[in-house]
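*Asks:* Pasting a structure here, questions to come.
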Amino acid sequence: MKKVLIYVEENFRNESLSLLEASRQLYINQNVETYALVINSKEDSPLEGFFDKVLKIEDTKLQLIDQKAIGEIYSQLQKIYNFDAILFLATSIGRCLAPSVAMKLKTGIVADVTAISNKNNQVSLIRPAYSGKIMAAIKVLGDGPIMMSVRSGIFLYNKVADKKTSYIFLNNLKYNYCNIKVKKVEKKVIPYDIKKSDVLVSAGAGCTDIEELEKLASLLNGNLSASRAVVDKKIVSRSIQVGQSGKTVSPSLYIAFGIHGALQHVEGLKDIPFIISININKDAPICSISDIVVEGDAIVFLKKLISKISEHANG
Amino acid sequence: MHIVCLVKFVPDVDNFSYNYETHTIIRQDSSMNINPDDACALGFALNIKKKNPDTFIEVISMAPKSLIPQIENILRVGFDKATLISDSLYAGSDTYVTSKILSKHLSTINYDCILSGTHSIDGDTSHVPSQIAQCLKLDHLNSISKIDETSFGREVATVNVENENSSVTYEIKLPAILSLTRESNYRLPYVRYKNLNLDVSDKIQIISNKQLKFDESTIGIKGSLTKVNSTHVKKYETRDKKIVQADEEGVQVIYEFLKEKGFI
């Protein structure tokens with residue numbers, strides 16, 4: 001029996017379920033007992049039925065960014081439960097907590113795992129490096145537990161919620177609080193989530209006419225997304241960036257306008273039924289993963305396509 | 001006030017060469033530069049020194065000695081001291097060991113604040129600042145897009161942190177580790193022409209395992225808790241790309257395709 005502890009960050013409850021699939025692949029064909037750790041959670045959904053045990057901490061003074069306190073919590077939990085693996089979602093807070101916990105437990109950690117290979121129970125964790133240009137297979141040595149962070153949208157968990165979940169309230173843990181105070185919180189206005197879009201019209205360095213791209217997106221009932229090059233130039237917000245340093249997306253249709261398709265971008269495209277790319281260079285990497293390649297100037301083609309679709313929509 | 005900046009030197013990830021037979025990076029070909037996020041930390045420290053000239057700013061890097069010329073250039077733009085932690089025994093250290101080594105040195109010096117970057121463009125694990133904070137029992141914030149310069153002092157710093165869904169202003173007691181992102185836009189200036197050959201050799205300190213005294217089995221590849229088994233360039237499933245031109249005929253093909261698949 002393997003024991004896996006998954007940190008369920010309050011703002012990413014649904015996304016955290018994907019870590020159950022990572023746990024399954026980690027210990028394929030073995031019995032896995034799954035634990036969730038939730039801190040100051042408002043509700044038990046959607047964990048009910050998915051986890052064997054939910055460990056709950058309720059302490060309003062404990063902040064989610066408190067690496068010191070959370071390190072101390074994990075150190076005590078590890079002594080009680082002796083987990084085989086500890087997983088975090090690679091959110092901006094998770095990416096901070098995970099390495100800090102690993103150091104506290106004196107164990108190895110792999111960041112941004114995108115695949116797990118398990119050959120005869122020899123586990124390798126696969127992650128991109130060098131801007132996604134290279135994939136590295138990494139083995140965790142030492143006495144464990146195995147630790148990793150995983151970006152959301154990488155693993156898909158599609159089992160039914162048929163477990164009998166028990167809830168354990170942790171009241172006796174000892175920890176000190178950090179000296180960090182929240183002064184102000186401004187919610188970001190994110191008009192849409194590209195992870196949920198069915199059609200994405202994506203801007204690359206070769207086509208930054210955002211207004212026109214949005215027109216096409218709206219004609220296709222889709223949304224605008226962009227490559228890192230366009231986001232780095234501050235033409236659009238980082239919230240719509242596709243790729244390893246952005247988001248992993250799975251629309252039904254992805255149209256790449258003037259996107260070269262560096263590995264770090266392609267890494268963000270997952271299970272997409274149809275990909276169309278428009279590029280001056282028909283041999284650009286994005287083209288080899290496309291169903292149809294339009295060779296030529298992306299902006300010229302974009303305008304022609306918009307008028308064709310609107311013409312027929314009106315007629 | 002004493003500010004320490006932690007800096008990593010990284011290869012140019014857009015222009016490095018890869019040996020497809022041995023699956024290794026040809027490092028001699030790629031020039032090493034200051035990691036962009038870390039350059040913002042240096043830029044911020046210089047801003048503070050400009051305002052308060054009695055601030056002592058130090059850069060610390062774990063790197064091969066071949067990077068001394070790059071470190072000298074950091075001194076030439078106004079840093080007071082550079083510490084290079086360098087020993088062939090440290091080669092191949094993973095983030096766990098790297099953090100232990102840096103922490104051991106940091107525990108021997110005085111500082112009011114440690115600045116670093118959030119992401120490195122090569123490994124991009126963001127492990128080291130968090131792990132050093134854990135070793136030194138310091139508070140730490142990453143993804144910092146701004147540090148308020150007027151209120152920045154020995155006791156406390158006010159910083160903005162960008163998360164997925166929000167932008168949060170925190171007040172953090174010092175000493176602490178503050179990790180900046182490129183979005184902060186603090187710039188590291190170029191060396192002035194008249195300073196290009198300025199002798200700064202007396203400001204560089206080199207620390208090796210002679211001083212830090214780690215047992216050899218606990219550092220480098222031997223001491224690491226993660227091991228790269230293999231590397232490969234990822235191959236993606238290619239599709240039968242049908243190629244059309246960006247002309248009327250091409251528009252017609254795409255239009256028909258979108259119609260057939262039910263997108264319009």
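Ordering of the structure tokens sets the chain letters (A, B, ...), residue numbers begin anew at 1 in every chain, and ligands are numbered from 1 in the order given.
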Counting only C-alpha atoms, what is within 12 Å of range 254-261 of chain B, bar same-chain residues fewer than 2 positions away, as a count of residues only?
*Replies:* 43
*Asks:* Please extract the residues of range 25-128 of chain B with a backbone DSSP assignment of helix (DSSP H, G or I) and present them as a PyMOL selection string.
*Replies:* chain B and resi 27-29+36-51+65-76+88-90+95-106+127-128
*Asks:* Can you list every residue in range 26-227 of chain B that DSSP puts in strand (DSSP E or B), as a PyMOL selection string?
*Replies:* chain B and resi 26+32-34+56-62+81-85+113-117+139-147+156-162+166-173+176-180+204-207+226-227
*Asks:* Give me the residues within 8 Å of range 106-122 of chain B as JSON, numbers by chain, counting only C-alpha atoms and dropping any in the same chain fewer than 6 places off.
*Replies:* {"A": [129, 130, 131], "B": [1, 2, 3, 4, 5, 6, 7, 8, 10, 11, 13, 35, 36, 37, 38, 39, 40, 41, 42, 129, 136, 142, 143, 144, 154, 174, 175, 176, 177, 178, 179, 180, 181]}
*Asks:* Please write the residues from the selection above to a file, keeping N, CA and C atoms, as a compact mmCIF listing (two decimals), in the first residue's frame.
*Replies:*
```txt
# COMPACT_ATOMS: atom_id res chain seq x y z
N ALA A 129 13.07 21.28 -19.69
CA ALA A 129 14.09 22.23 -19.25
C ALA A 129 14.53 23.04 -20.46
N TYR A 130 15.32 24.04 -20.25
CA TYR A 130 15.77 24.92 -21.33
C TYR A 130 14.59 25.41 -22.16
N SER A 131 13.65 26.08 -21.46
CA SER A 131 12.49 26.64 -22.14
C SER A 131 11.71 25.58 -22.89
N MET B 1 22.71 49.54 5.72
CA MET B 1 21.96 48.35 5.34
C MET B 1 22.79 47.49 4.38
N HIS B 2 22.72 46.20 4.58
CA HIS B 2 23.49 45.27 3.75
C HIS B 2 22.52 44.40 2.93
N ILE B 3 22.56 44.56 1.61
CA ILE B 3 21.69 43.77 0.73
C ILE B 3 22.53 42.74 -0.01
N VAL B 4 22.07 41.51 0.00
CA VAL B 4 22.74 40.45 -0.75
C VAL B 4 21.87 40.07 -1.94
N CYS B 5 22.46 40.01 -3.13
CA CYS B 5 21.73 39.55 -4.32
C CYS B 5 22.28 38.19 -4.75
N LEU B 6 21.40 37.23 -4.91
CA LEU B 6 21.82 35.91 -5.39
C LEU B 6 21.64 35.87 -6.90
N VAL B 7 22.67 35.47 -7.60
CA VAL B 7 22.62 35.50 -9.06
C VAL B 7 23.03 34.15 -9.65
N LYS B 8 22.27 33.74 -10.66
CA LYS B 8 22.61 32.53 -11.39
C LYS B 8 23.00 32.93 -12.82
N VAL B 10 23.15 31.76 -16.64
CA VAL B 10 22.42 30.76 -17.43
C VAL B 10 22.84 30.83 -18.90
N PRO B 11 22.76 29.70 -19.61
CA PRO B 11 23.06 29.74 -21.04
C PRO B 11 21.93 30.43 -21.79
N VAL B 13 19.10 30.27 -23.75
CA VAL B 13 18.27 29.11 -24.08
C VAL B 13 17.74 29.13 -25.51
N ASN B 35 20.83 35.52 -15.31
CA ASN B 35 19.42 35.15 -15.46
C ASN B 35 18.55 36.42 -15.38
N PRO B 36 17.61 36.59 -16.32
CA PRO B 36 16.86 37.86 -16.39
C PRO B 36 16.16 38.28 -15.08
N ASP B 37 15.53 37.34 -14.39
CA ASP B 37 14.87 37.71 -13.12
C ASP B 37 15.90 38.20 -12.10
N ASP B 38 17.07 37.54 -12.10
CA ASP B 38 18.12 37.90 -11.14
C ASP B 38 18.69 39.28 -11.44
N ALA B 39 18.71 39.63 -12.73
CA ALA B 39 19.20 40.96 -13.13
C ALA B 39 18.30 42.04 -12.53
N CYS B 40 17.00 41.73 -12.38
CA CYS B 40 16.07 42.69 -11.77
C CYS B 40 16.42 42.90 -10.30
N ALA B 41 16.85 41.83 -9.62
CA ALA B 41 17.25 41.94 -8.22
C ALA B 41 18.46 42.86 -8.11
N LEU B 42 19.42 42.69 -9.03
CA LEU B 42 20.60 43.56 -9.04
C LEU B 42 20.20 45.01 -9.30
N PRO B 129 15.55 29.71 -4.10
CA PRO B 129 15.25 30.72 -3.08
C PRO B 129 14.37 30.17 -1.94
N LEU B 136 17.58 28.69 6.20
CA LEU B 136 17.98 29.81 7.07
C LEU B 136 16.84 30.27 7.96
N ASN B 142 7.84 35.01 -3.43
CA ASN B 142 8.31 35.01 -4.82
C ASN B 142 7.29 35.71 -5.71
N SER B 143 7.57 35.72 -7.00
CA SER B 143 6.73 36.42 -7.98
C SER B 143 6.49 37.88 -7.61
N ILE B 144 7.53 38.55 -7.11
CA ILE B 144 7.40 39.96 -6.72
C ILE B 144 7.56 40.84 -7.96
N ARG B 154 15.62 48.73 6.91
CA ARG B 154 16.16 47.60 7.64
C ARG B 154 15.09 46.68 8.23
N LEU B 174 11.98 42.14 7.67
CA LEU B 174 13.33 41.75 7.25
C LEU B 174 14.12 41.32 8.48
N PRO B 175 15.13 40.47 8.32
CA PRO B 175 15.62 39.89 7.07
C PRO B 175 14.67 38.85 6.49
N ALA B 176 14.62 38.84 5.17
CA ALA B 176 13.78 37.88 4.45
C ALA B 176 14.37 37.73 3.06
N ILE B 177 13.84 36.77 2.30
CA ILE B 177 14.27 36.62 0.91
C ILE B 177 13.15 37.13 0.01
N LEU B 178 13.48 38.05 -0.87
CA LEU B 178 12.50 38.60 -1.81
C LEU B 178 12.91 38.19 -3.22
N SER B 179 12.02 37.45 -3.89
CA SER B 179 12.34 36.97 -5.24
C SER B 179 11.53 37.73 -6.28
N LEU B 180 12.23 38.39 -7.18
CA LEU B 180 11.59 39.26 -8.18
C LEU B 180 11.32 38.52 -9.48
N THR B 181 10.38 39.07 -10.26
CA THR B 181 10.17 38.57 -11.61
C THR B 181 10.59 39.64 -12.61
```
*Asks:* With distances taken over only C-alpha atoms, which of B:Gly78, B:Pro64, B:Gly262, B:Pro189 is nearest to chain A?
*Replies:* B:Gly262
*Asks:* Excluding Lys210 in chain B and residues on its chain fewer than 5 positions from it, collect all residues at most 12 Å away from it, counting only C-alpha atoms, and give them as a list in words.
*Replies:*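 Everything that qualifies: Ile85, Ser86, Asp87, Ser88, Leu89, Tyr90, His105, Asp215 and Glu216 of chain B.
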*Asks:* May I have the selected residues written with C-alpha atoms, as a PDB file, in the first residue's frame?
*Replies:*
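Dumped to result.pdb:
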```pdb
ATOM      1  CA  ILE B  85      31.202  30.156  -4.514  1.00  0.00           C
ATOM      2  CA  SER B  86      33.149  27.821  -6.699  1.00  0.00           C
ATOM      3  CA  ASP B  87      34.573  24.361  -6.365  1.00  0.00           C
ATOM      4  CA  SER B  88      34.762  21.496  -8.827  1.00  0.00           C
ATOM      5  CA  LEU B  89      33.326  19.344  -6.030  1.00  0.00           C
ATOM      6  CA  TYR B  90      30.083  21.309  -6.371  1.00  0.00           C
ATOM      7  CA  HIS B 105      27.838  30.499   3.279  1.00  0.00           C
ATOM      8  CA  ASP B 215      31.740  16.152   3.399  1.00  0.00           C
ATOM      9  CA  GLU B 216      32.367  15.194  -0.248  1.00  0.00           C
TER      10      GLU B 216
END
```
*Asks:* Would you please work out which residue, of A:Ala229, A:Leu200, A:Ala85, A:Val110, is nearest to chain B when using only C-alpha atoms?
*Replies:* A:Val110
*Asks:* Considering only C-alpha atoms, state which residue in the set A:Ala69, A:Ala115, A:Leu213, A:Ile138 is at the smallest distance from chain B.
*Replies:* A:Ile138
*Asks:* Compile the contact shell of Val113 in chain A as number ranges by chain: residues with an atom at most 12 Å away, counting only C-alpha atoms, same-chain residues fewer than 6 positions apart removed.
*Replies:* A: 19, 22-23, 26, 87-90, 95, 124-129, 132, 135-139, 147-155, 244, 267; B: 124-125
*Asks:* Restricting the calculation to only C-alpha atoms: of A:Leu62, A:Val140, A:Ile6, A:Leu17, which residue gets closest to chain B?
*Replies:*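 Using only C-alpha atoms, the shortest distance to chain B belongs to A:Val140.
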*Asks:* So how far away is CA of Asp148 in chain B from CA of Ala45 in chain B, in Å?
*Replies:*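 Atom-to-atom, CA of Ala45 in chain B to CA of Asp148 in chain B, that is 12.1 Å.
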*Asks:* Would you work out the distance separating CA of Asn82 in chain A from CA of Asn31 in chain A, expressed in Å to one decimal?
*Replies:*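 Interatomic distance, CA of Asn82 in chain A to CA of Asn31 in chain A: 15.5 Å.
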*Asks:* What's the 7 Å shell around His265 in chain A, counting only C-alpha atoms, without same-chain residues fewer than 4 positions away, as a list in words?
*Replies:*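 Skipping anything fewer than 4 positions along the chain leaves Ser227, Val242, Gly243, Gln244 and Gly261 of chain A.
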*Asks:* What's the 10 Å shell around Tyr170 in chain B, counting only C-alpha atoms, without same-chain residues fewer than 4 positions away, as a list in words?
*Replies:*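 Returned residues: Ile180, Lys181, Val182, Lys183, Lys184 and Val185 of chain A; Leu141, Ile144, Ile147, Ala157, Thr158, Val159, Asn160 and Val161 of chain B.
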*Asks:* With all heavy atoms kept, could you save the residues just selected as a short mmCIF file (atom, residue, chain, number, x, y, z; two decimals), in the first residue's frame?
*Replies:*
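Output (out.cif):
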```
data_model
loop_
_atom_site.label_atom_id
_atom_site.label_comp_id
_atom_site.auth_asym_id
_atom_site.auth_seq_id
_atom_site.Cartn_x
_atom_site.Cartn_y
_atom_site.Cartn_z
N ILE A 180 4.64 37.98 7.77
CA ILE A 180 4.19 38.60 6.51
C ILE A 180 2.72 38.98 6.69
O ILE A 180 1.92 38.16 7.14
CB ILE A 180 4.33 37.61 5.32
CG1 ILE A 180 5.77 37.09 5.20
CG2 ILE A 180 3.89 38.27 4.02
CD1 ILE A 180 5.97 36.02 4.14
N LYS A 181 2.43 40.24 6.37
CA LYS A 181 1.04 40.70 6.52
C LYS A 181 0.47 41.09 5.17
O LYS A 181 1.15 41.74 4.36
CB LYS A 181 1.01 41.96 7.41
CG LYS A 181 0.90 41.63 8.90
CD LYS A 181 0.66 42.91 9.67
CE LYS A 181 1.88 43.21 10.52
NZ LYS A 181 1.99 44.55 11.02
N VAL A 182 -0.77 40.72 4.94
CA VAL A 182 -1.43 41.14 3.70
C VAL A 182 -1.94 42.57 3.89
O VAL A 182 -2.62 42.86 4.85
CB VAL A 182 -2.64 40.23 3.37
CG1 VAL A 182 -3.36 40.72 2.13
CG2 VAL A 182 -2.19 38.79 3.19
N LYS A 183 -1.54 43.47 2.99
CA LYS A 183 -1.99 44.86 3.09
C LYS A 183 -3.17 45.13 2.15
O LYS A 183 -4.05 45.90 2.44
CB LYS A 183 -0.85 45.83 2.75
CG LYS A 183 0.38 45.67 3.60
CD LYS A 183 0.11 45.87 5.08
CE LYS A 183 0.14 47.34 5.46
NZ LYS A 183 -0.03 47.49 6.93
N LYS A 184 -3.11 44.50 0.98
CA LYS A 184 -4.15 44.80 -0.02
C LYS A 184 -4.24 43.64 -1.01
O LYS A 184 -3.22 43.08 -1.40
CB LYS A 184 -3.76 46.08 -0.76
CG LYS A 184 -4.93 46.77 -1.45
CD LYS A 184 -4.53 48.16 -1.92
CE LYS A 184 -4.04 48.13 -3.34
NZ LYS A 184 -3.49 49.38 -3.82
N VAL A 185 -5.46 43.29 -1.40
CA VAL A 185 -5.64 42.27 -2.43
C VAL A 185 -6.46 42.86 -3.56
O VAL A 185 -7.53 43.41 -3.33
CB VAL A 185 -6.38 41.03 -1.87
CG1 VAL A 185 -6.57 39.98 -2.97
CG2 VAL A 185 -5.63 40.43 -0.70
N LEU B 141 9.07 35.53 -0.14
CA LEU B 141 7.98 35.72 -1.11
C LEU B 141 8.58 35.65 -2.50
O LEU B 141 9.67 36.16 -2.74
CB LEU B 141 7.31 37.09 -0.90
CG LEU B 141 6.38 37.22 0.31
CD1 LEU B 141 5.98 38.67 0.51
CD2 LEU B 141 5.13 36.33 0.15
N ILE B 144 7.53 38.55 -7.11
CA ILE B 144 7.40 39.96 -6.72
C ILE B 144 7.56 40.84 -7.96
O ILE B 144 8.55 40.74 -8.68
CB ILE B 144 8.44 40.34 -5.65
CG1 ILE B 144 8.14 39.57 -4.35
CG2 ILE B 144 8.47 41.85 -5.41
CD1 ILE B 144 9.17 39.76 -3.26
N ILE B 147 8.89 46.34 -5.44
CA ILE B 147 9.22 46.58 -4.03
C ILE B 147 9.14 48.09 -3.83
O ILE B 147 9.74 48.85 -4.60
CB ILE B 147 10.64 46.10 -3.66
CG1 ILE B 147 10.83 44.61 -4.03
CG2 ILE B 147 10.93 46.32 -2.18
CD1 ILE B 147 12.24 44.09 -3.82
N ALA B 157 9.75 45.48 4.39
CA ALA B 157 9.62 45.81 2.97
C ALA B 157 8.16 45.64 2.57
O ALA B 157 7.47 44.75 3.08
CB ALA B 157 10.49 44.90 2.12
N THR B 158 7.69 46.51 1.68
CA THR B 158 6.34 46.37 1.14
C THR B 158 6.46 45.97 -0.32
O THR B 158 7.14 46.64 -1.10
CB THR B 158 5.58 47.70 1.26
OG1 THR B 158 5.65 48.11 2.63
CG2 THR B 158 4.12 47.55 0.87
N VAL B 159 5.84 44.84 -0.65
CA VAL B 159 6.05 44.30 -2.00
C VAL B 159 4.72 43.92 -2.66
O VAL B 159 3.75 43.63 -1.97
CB VAL B 159 6.95 43.04 -1.96
CG1 VAL B 159 8.27 43.35 -1.29
CG2 VAL B 159 6.28 41.88 -1.26
N ASN B 160 4.71 43.94 -3.97
CA ASN B 160 3.55 43.45 -4.73
C ASN B 160 3.87 42.08 -5.31
O ASN B 160 4.93 41.91 -5.91
CB ASN B 160 3.22 44.38 -5.89
CG ASN B 160 2.59 45.66 -5.44
OD1 ASN B 160 2.55 45.95 -4.25
ND2 ASN B 160 2.09 46.43 -6.39
N VAL B 161 2.95 41.16 -5.14
CA VAL B 161 3.13 39.81 -5.65
C VAL B 161 2.02 39.52 -6.66
O VAL B 161 0.85 39.79 -6.39
CB VAL B 161 3.08 38.78 -4.50
CG1 VAL B 161 2.94 37.36 -5.03
CG2 VAL B 161 4.33 38.89 -3.64
#
```
*Asks:* Find the residue from A:Phe83, A:Phe12, A:Tyr167, A:Phe50 that sits nearest to chain B; use only C-alpha atoms when measuring.
*Replies:* A:Phe12
*Asks:* Taking into account only C-alpha atoms, which residue in the set B:Ser103, B:Val97, B:Glu183, B:Tyr193 is nearest to Thr226 in chain B?
*Replies:*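 Smallest distance to Thr226 in chain B is found for B:Val97.
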